[in-house]
Every structure is written in structure tokens, then in C-alpha cells.
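Chemist: Structure below; questions to follow.
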Amino acid sequence: MTRLNGKTAVITGGATGIGLASAKRFIAEGAFVFIYGRRQAALDAAVAELGPNARAVKGSVSNEVDLDRLYAAVKAERGSLDIVFANAGAGSPLPLGQITAEHIDEAFDTNVKGTIFTVQKALPLMGPGGSIILTGSSAGTTGAPGFTAYSASKAAVRNLARSWAEDLKGTGIRVNVLSPGATATELAKQALGEAGQKAYGAMTPLQRMADPAEIAAVAAFLASPDSSFMTASEVAVDGGLAQL
């Protein structure tokens with residue numbers, strides 16, 4: 001398919017996991033992709049795998065100067081931007097009673113502040129037909145024990161799309177949320193082990209975790225003209241986890 005032929009995309013958190021799988025899918029569908037992340041070694045490895053239609057920029061979504069460098073690189077090489085996949089995320093478990101200010105900042109600086117500035121700084125490069133995709137989470141709908149800050153931050157991301165769809169009226173730019181459930185990224189597989197993966201998979205009606213490529217397929221749909229009449233929507237790609 002060439003639904004994204006000639007399009008330019010930015011994917012934050014693009015060196016591994018869902019971000020890397022989405023970069024592969026976007027490029028396969030004709031896009032030129034800038035991946036953005038904090039680890040240079042992972043970025044270098046990803047670009048080597050992705051090939052000539054990929055570029056990497058190192059930086060943090062919570063650092064506005066880093067984001068300015070990202071979009072300066074996009075403007076210098078491509079001139080404009082069609083797709084922003086604000087995918088970078090952070091979060092770790094800490095139960096109520098043990099939550100600290102630093103723990104809250106970890107989740108909200110990346111998931112909320114980082115998402116806001118990733119999108120806001122991209123807008124001058126975007127125009128009609130542009131697609132903004134925000135990574136939510138099933139935890140933003142259902143909650144998750146021990147994940148107060150993470151779950152709340154992902155619920156906030158869901159509301160960003162609703163607010164921004166109003167702000168973007170008349171621009172021709174769409175904004176939607178992609179909310180995965182448990183996904184078998186390399187990091188998740190290492191953290192959970194085989195038993196943990198089975199346990200998380202058993203929580204879904206489909207009885208398994210998602211493959212990152214399955215999430216990427218939906219990201220490509222939201223990036224493409226096939227979703228042209230969608231904005232302010234949330235697409236759950238969670239195996240039914242948050243739907244029952």
C-alpha cells in the first residue's frame with residue numbers, strides 16, 4: 001500500500017517498541033519518517049534498520065529546546081510536516097500511600113507536557129490533511145492498581161484530543177488517540193518474562209498481548225486519508241481489555 005506516499009512524519013519514542021514498528025509501517029506505505037528519542041544508540045540502530053527514508057533526532061519531549069531542534073531538522077530537509085505521532089510515554093508503578101512528587105513529574109512531564117509541546121511546536125509546519133495521533137492507554141479508561149500517575153496522565157491525553165479538535169476547527173488538521181493495551185514490545189517481554197506475558201494476555205478476550213506491528217497498523221490508518229472523517233476519536237487497540 002502507498003497510502004502515505006510523499007508524506008512526512010514525526011514519531012516520538014520512535015527508536016523502539018510501538019514507535020519503531022510504526023516507523024516501519026509508515027515507511028512501507030511511502031512516508032519519510034523522523035524518529036525522536038533520548039538514546040542515541042537506539043536511534044542509530046533504528047535508522048540502520050529503517051533505511052534511507054528515516055532520520056533520527058536525539059532529545060526529550062519534555063525539553064522545548066530539543067523539540068525546536070527536531071522541527072528545525074524537519075523544516076530544513078522536508079519543508080513541511082503531514083503526520084505527528086506523539087508516542088513517547090513514561091510511567092512506573094507506585095501504590096497510593098507511596099506516591100512522590102518526583103513520581104508524578106515523571107509521568108506528567110512526558111505524557112502530558114511532552115505531548116502538548118510535541119504537537120504545539122509541530123503546528124507551524126502542518127496544513128490541511130494533517131494528522132495528529134496521540135498515544136493513550138487502556139489504563140486511561142479502566143485505571144490500573146499502582147499506576148495512579150500513569151493512568152491519570154493517559155486520561156489527560158484522551159482529553160487533549162477533544163480540546164484540540166475544537167482548537168483546530170477550520171485548519172483541516174485531525175487529531176485522534178490510539179490507545180493500546182498490553183503490547184509485547186522488547187522492553188515488555190524482558191520485564192514480564194514468559195509467565196507475565198501469559199498473565200497479561202489472559203486478561204483480554206483475545207487471550208494474548210498485542211504485537212507492536214498490530215498497533216502500528218492502526219497508527220497507519222489514523223495517519224492516512226482512510227480516516228479522513230475522524231477527529232477527537234479514540235481507537236482502542238487493546239484486545240478488548242478496556243471494552244468489557
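Every chain in the C-alpha cells has a letter given in the order shown (A, B, ...), and although residue numbers restart at 1 in each chain, ligands are simply numbered from 1 in the order shown.
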Hey, could you make a per-residue contact list for stretch 139-210 of chain A against stretch 94-100 of chain A with 10 Å as the cut-off, showing the nearest pair of atoms and its distance in Å to one decimal, counting only C-alpha atoms, sorted by chain and number, as a tab-separated table?
Modeler:
residue	atom	partner	partner_atom	distance
A:Pro145	CA	A:Pro95	CA	7.1
A:Gly146	CA	A:Pro95	CA	4.0
A:Phe147	CA	A:Leu94	CA	6.2
A:Thr148	CA	A:Leu96	CA	7.3
A:Ala149	CA	A:Ile99	CA	8.5
A:Tyr150	CA	A:Leu94	CA	9.7
Chemist: Mind checking which residues fall within 7 Å of A:Thr185, counting only C-alpha atoms, ignoring those fewer than 2 positions away in the same chain, and posting them as a PDB file with N, CA and C atoms, in the first residue's frame?
Modeler:
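around-v2.pdb was written with the following content:
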ATOM      1  N   GLY A  17       9.961  -0.404  20.191  1.00  0.00           N
ATOM      2  CA  GLY A  17       8.585  -0.710  20.513  1.00  0.00           C
ATOM      3  C   GLY A  17       7.573  -0.276  19.475  1.00  0.00           C
ATOM      4  N   THR A 183       1.187  -4.653  25.249  1.00  0.00           N
ATOM      5  CA  THR A 183       1.836  -4.885  23.955  1.00  0.00           C
ATOM      6  C   THR A 183       3.196  -5.528  24.162  1.00  0.00           C
ATOM      7  N   LEU A 187      10.930  -4.369  25.453  1.00  0.00           N
ATOM      8  CA  LEU A 187      11.031  -3.954  26.847  1.00  0.00           C
ATOM      9  C   LEU A 187      10.025  -4.690  27.713  1.00  0.00           C
ATOM     10  N   ALA A 188       8.789  -4.810  27.231  1.00  0.00           N
ATOM     11  CA  ALA A 188       7.755  -5.508  27.998  1.00  0.00           C
ATOM     12  C   ALA A 188       8.090  -6.984  28.164  1.00  0.00           C
ATOM     13  N   LYS A 189       8.578  -7.593  27.105  1.00  0.00           N
ATOM     14  CA  LYS A 189       8.919  -9.010  27.190  1.00  0.00           C
ATOM     15  C   LYS A 189      10.043  -9.258  28.183  1.00  0.00           C
ATOM     16  N   PRO A 212       3.589  -5.329  18.466  1.00  0.00           N
ATOM     17  CA  PRO A 212       3.718  -3.911  18.107  1.00  0.00           C
ATOM     18  C   PRO A 212       3.264  -3.593  16.679  1.00  0.00           C
TER      19      PRO A 212
END
Chemist: Among stretch 16-224 of chain A, which ones does DSSP place in alpha helix (DSSP H), written as a PDB file with C-alpha atoms, in the first residue's frame?
Modeler:
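Once written, out.pdb looks like this:
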ATOM      1  CA  GLY A  17       8.585  -0.710  20.513  1.00  0.00           C
ATOM      2  CA  ILE A  18       5.386   0.725  19.071  1.00  0.00           C
ATOM      3  CA  GLY A  19       7.250   3.756  17.724  1.00  0.00           C
ATOM      4  CA  LEU A  20       9.731   1.695  15.728  1.00  0.00           C
ATOM      5  CA  ALA A  21       7.025  -0.651  14.457  1.00  0.00           C
ATOM      6  CA  SER A  22       5.037   2.393  13.322  1.00  0.00           C
ATOM      7  CA  ALA A  23       8.070   3.899  11.607  1.00  0.00           C
ATOM      8  CA  LYS A  24       8.493   0.647   9.667  1.00  0.00           C
ATOM      9  CA  ARG A  25       4.842   0.650   8.654  1.00  0.00           C
ATOM     10  CA  PHE A  26       4.784   4.328   7.682  1.00  0.00           C
ATOM     11  CA  ILE A  27       7.881   3.902   5.511  1.00  0.00           C
ATOM     12  CA  ALA A  28       6.434   0.766   3.909  1.00  0.00           C
ATOM     13  CA  GLN A  40      21.445   7.776  20.641  1.00  0.00           C
ATOM     14  CA  ALA A  41      22.484   4.129  20.349  1.00  0.00           C
ATOM     15  CA  ALA A  42      18.868   3.012  19.963  1.00  0.00           C
ATOM     16  CA  LEU A  43      18.200   5.759  17.417  1.00  0.00           C
ATOM     17  CA  ASP A  44      21.252   4.792  15.384  1.00  0.00           C
ATOM     18  CA  ALA A  45      20.241   1.122  15.368  1.00  0.00           C
ATOM     19  CA  ALA A  46      16.692   2.023  14.349  1.00  0.00           C
ATOM     20  CA  VAL A  47      17.778   4.218  11.433  1.00  0.00           C
ATOM     21  CA  ALA A  48      20.125   1.491  10.220  1.00  0.00           C
ATOM     22  CA  GLU A  49      17.159  -0.885  10.205  1.00  0.00           C
ATOM     23  CA  LEU A  50      14.677   1.585   8.695  1.00  0.00           C
ATOM     24  CA  GLU A  64      11.334  22.518  24.486  1.00  0.00           C
ATOM     25  CA  VAL A  65      14.793  23.310  23.109  1.00  0.00           C
ATOM     26  CA  ASP A  66      15.188  19.693  21.991  1.00  0.00           C
ATOM     27  CA  LEU A  67      11.803  19.816  20.275  1.00  0.00           C
ATOM     28  CA  ASP A  68      12.787  23.026  18.499  1.00  0.00           C
ATOM     29  CA  ARG A  69      15.837  21.185  17.099  1.00  0.00           C
ATOM     30  CA  LEU A  70      13.595  18.340  15.918  1.00  0.00           C
ATOM     31  CA  TYR A  71      11.261  20.597  13.973  1.00  0.00           C
ATOM     32  CA  ALA A  72      14.127  22.689  12.616  1.00  0.00           C
ATOM     33  CA  ALA A  73      15.554  19.470  11.166  1.00  0.00           C
ATOM     34  CA  VAL A  74      12.185  18.566   9.635  1.00  0.00           C
ATOM     35  CA  LYS A  75      11.785  22.026   8.104  1.00  0.00           C
ATOM     36  CA  ALA A  76      15.340  22.079   6.733  1.00  0.00           C
ATOM     37  CA  GLU A  77      15.055  18.732   4.954  1.00  0.00           C
ATOM     38  CA  ARG A  78      11.369  18.398   4.112  1.00  0.00           C
ATOM     39  CA  ALA A 101       6.170  14.494  43.585  1.00  0.00           C
ATOM     40  CA  GLU A 102       9.055  13.117  41.526  1.00  0.00           C
ATOM     41  CA  HIS A 103       6.968  10.086  40.552  1.00  0.00           C
ATOM     42  CA  ILE A 104       4.112  12.320  39.354  1.00  0.00           C
ATOM     43  CA  ASP A 105       6.523  14.538  37.424  1.00  0.00           C
ATOM     44  CA  GLU A 106       7.998  11.512  35.632  1.00  0.00           C
ATOM     45  CA  ALA A 107       4.634  10.603  34.121  1.00  0.00           C
ATOM     46  CA  PHE A 108       3.159  14.051  33.539  1.00  0.00           C
ATOM     47  CA  THR A 115       2.589  15.589  24.274  1.00  0.00           C
ATOM     48  CA  ILE A 116       1.352  19.187  24.408  1.00  0.00           C
ATOM     49  CA  PHE A 117       4.626  20.689  23.227  1.00  0.00           C
ATOM     50  CA  THR A 118       5.297  17.932  20.684  1.00  0.00           C
ATOM     51  CA  VAL A 119       2.054  18.903  18.978  1.00  0.00           C
ATOM     52  CA  GLN A 120       2.095  22.654  19.554  1.00  0.00           C
ATOM     53  CA  ALA A 139      -5.224   2.361  31.666  1.00  0.00           C
ATOM     54  CA  GLY A 140      -6.647   5.797  30.938  1.00  0.00           C
ATOM     55  CA  THR A 141     -10.114   4.226  30.732  1.00  0.00           C
ATOM     56  CA  THR A 142     -10.014   1.438  33.299  1.00  0.00           C
ATOM     57  CA  THR A 148      -2.158   6.350  39.640  1.00  0.00           C
ATOM     58  CA  ALA A 149       0.081   8.874  37.879  1.00  0.00           C
ATOM     59  CA  TYR A 150       0.377   6.943  34.631  1.00  0.00           C
ATOM     60  CA  SER A 151      -3.356   6.231  34.360  1.00  0.00           C
ATOM     61  CA  ALA A 152      -4.281   9.833  35.153  1.00  0.00           C
ATOM     62  CA  SER A 153      -1.789  11.148  32.607  1.00  0.00           C
ATOM     63  CA  LYS A 154      -3.237   8.922  29.885  1.00  0.00           C
ATOM     64  CA  ALA A 155      -6.767  10.035  30.756  1.00  0.00           C
ATOM     65  CA  ALA A 156      -5.482  13.584  30.270  1.00  0.00           C
ATOM     66  CA  VAL A 157      -4.125  12.659  26.834  1.00  0.00           C
ATOM     67  CA  ARG A 158      -7.596  11.474  25.853  1.00  0.00           C
ATOM     68  CA  ASN A 159      -8.995  14.888  26.729  1.00  0.00           C
ATOM     69  CA  LEU A 160      -6.265  16.714  24.816  1.00  0.00           C
ATOM     70  CA  ALA A 161      -7.661  15.282  21.577  1.00  0.00           C
ATOM     71  CA  ARG A 162     -11.157  16.514  22.428  1.00  0.00           C
ATOM     72  CA  SER A 163      -9.922  20.017  23.213  1.00  0.00           C
ATOM     73  CA  TRP A 164      -7.595  20.216  20.234  1.00  0.00           C
ATOM     74  CA  ALA A 165     -10.249  19.067  17.759  1.00  0.00           C
ATOM     75  CA  GLU A 166     -12.100  22.232  18.748  1.00  0.00           C
ATOM     76  CA  ASP A 167      -8.946  24.378  18.575  1.00  0.00           C
ATOM     77  CA  GLU A 186      11.037  -5.972  23.624  1.00  0.00           C
ATOM     78  CA  LEU A 187      11.031  -3.954  26.847  1.00  0.00           C
ATOM     79  CA  ALA A 188       7.755  -5.508  27.998  1.00  0.00           C
ATOM     80  CA  LYS A 189       8.919  -9.010  27.190  1.00  0.00           C
ATOM     81  CA  GLN A 190      12.119  -8.510  29.158  1.00  0.00           C
ATOM     82  CA  ALA A 191      10.273  -7.010  32.113  1.00  0.00           C
ATOM     83  CA  LEU A 192       7.427  -9.528  32.268  1.00  0.00           C
ATOM     84  CA  GLY A 193       9.049 -12.774  31.214  1.00  0.00           C
ATOM     85  CA  GLU A 194       7.028 -15.569  29.668  1.00  0.00           C
ATOM     86  CA  ALA A 195       4.772 -16.034  32.698  1.00  0.00           C
ATOM     87  CA  GLY A 196       3.997 -12.324  32.917  1.00  0.00           C
ATOM     88  CA  GLN A 197       3.170 -12.127  29.236  1.00  0.00           C
ATOM     89  CA  LYS A 198       0.730 -15.004  29.576  1.00  0.00           C
ATOM     90  CA  ALA A 199      -0.867 -13.383  32.618  1.00  0.00           C
ATOM     91  CA  TYR A 200      -1.385 -10.056  30.850  1.00  0.00           C
ATOM     92  CA  GLY A 201      -2.638 -11.805  27.725  1.00  0.00           C
ATOM     93  CA  ALA A 202      -5.151 -13.810  29.743  1.00  0.00           C
ATOM     94  CA  PRO A 212       3.718  -3.911  18.107  1.00  0.00           C
ATOM     95  CA  ALA A 213       3.012  -4.309  14.375  1.00  0.00           C
ATOM     96  CA  GLU A 214      -0.703  -4.599  15.161  1.00  0.00           C
ATOM     97  CA  ILE A 215      -0.646  -1.227  16.913  1.00  0.00           C
ATOM     98  CA  ALA A 216       1.386   0.222  14.032  1.00  0.00           C
ATOM     99  CA  ALA A 217      -1.257  -0.893  11.532  1.00  0.00           C
ATOM    100  CA  VAL A 218      -3.863   1.214  13.312  1.00  0.00           C
ATOM    101  CA  ALA A 219      -1.447   4.142  13.556  1.00  0.00           C
ATOM    102  CA  ALA A 220      -1.031   3.965   9.767  1.00  0.00           C
ATOM    103  CA  PHE A 221      -4.809   4.011   9.356  1.00  0.00           C
ATOM    104  CA  LEU A 222      -5.116   7.123  11.545  1.00  0.00           C
ATOM    105  CA  ALA A 223      -2.253   8.767   9.649  1.00  0.00           C
TER     106      ALA A 223
END
Chemist: So which one's closest to A:Asn111, A:Leu81, A:Ala184, A:Val61, A:Ile132? Using only C-alpha atoms, please.
Modeler: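 Ranked by minimum distance to A:Asn111, first place goes to A:Val61.
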Chemist: Out of stretch 6-242 of chain A, which residues get strand (DSSP E) from DSSP, as JSON, numbers by chain?
Modeler: {"A": [8, 9, 10, 11, 12, 32, 33, 34, 35, 36, 37, 54, 55, 56, 57, 58, 83, 84, 85, 86, 131, 132, 133, 134, 135, 174, 175, 176, 177, 178, 179, 180, 234, 235, 236, 237]}
Chemist: Using only C-alpha atoms, find the one residue out of A:Ile83, A:Ile173, A:Ala56, A:Leu206 that sits nearest to A:Pro128.
Modeler: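 Nearest candidate to A:Pro128 out of A:Ile83, A:Ile173, A:Ala56, A:Leu206: A:Ile173.
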Chemist: With only C-alpha atoms as the basis for distance, which of A:Gly130, A:Gly181, A:Gly6, A:Pro124 is at the shortest distance from A:Asp82?
Modeler: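 The closest residue to A:Asp82 is A:Gly130.
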Chemist: For A:Thr135, list every protein, DNA or RNA residue within 6 Å, evaluated using only C-alpha atoms, and leave out those in the same chain fewer than 2 positions away; present the list as a tab-separated table (two decimals) with N, CA and C atoms, in the first residue's frame.
Modeler:
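In the end it all went to selection_20.tsv:
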chain	number	residue	atom	x	y	z
A	87	ASN	N	4.03	9.68	20.51
A	87	ASN	CA	4.01	8.33	21.05
A	87	ASN	C	4.86	8.16	22.31
A	177	VAL	N	-6.75	9.71	19.14
A	177	VAL	CA	-5.99	8.97	20.15
A	177	VAL	C	-5.98	7.49	19.80
A	178	LEU	N	-4.81	6.89	19.86
A	178	LEU	CA	-4.65	5.45	19.70
A	178	LEU	C	-4.32	4.90	21.08
A	179	SER	N	-5.18	4.02	21.60
A	179	SER	CA	-4.99	3.52	22.97
A	179	SER	C	-4.72	2.02	22.96
Chemist: Quick one, how far is atom CA of A:Lys121 from atom CA of A:Pro52?
Modeler: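 Interatomic distance here is 25.3 Å.
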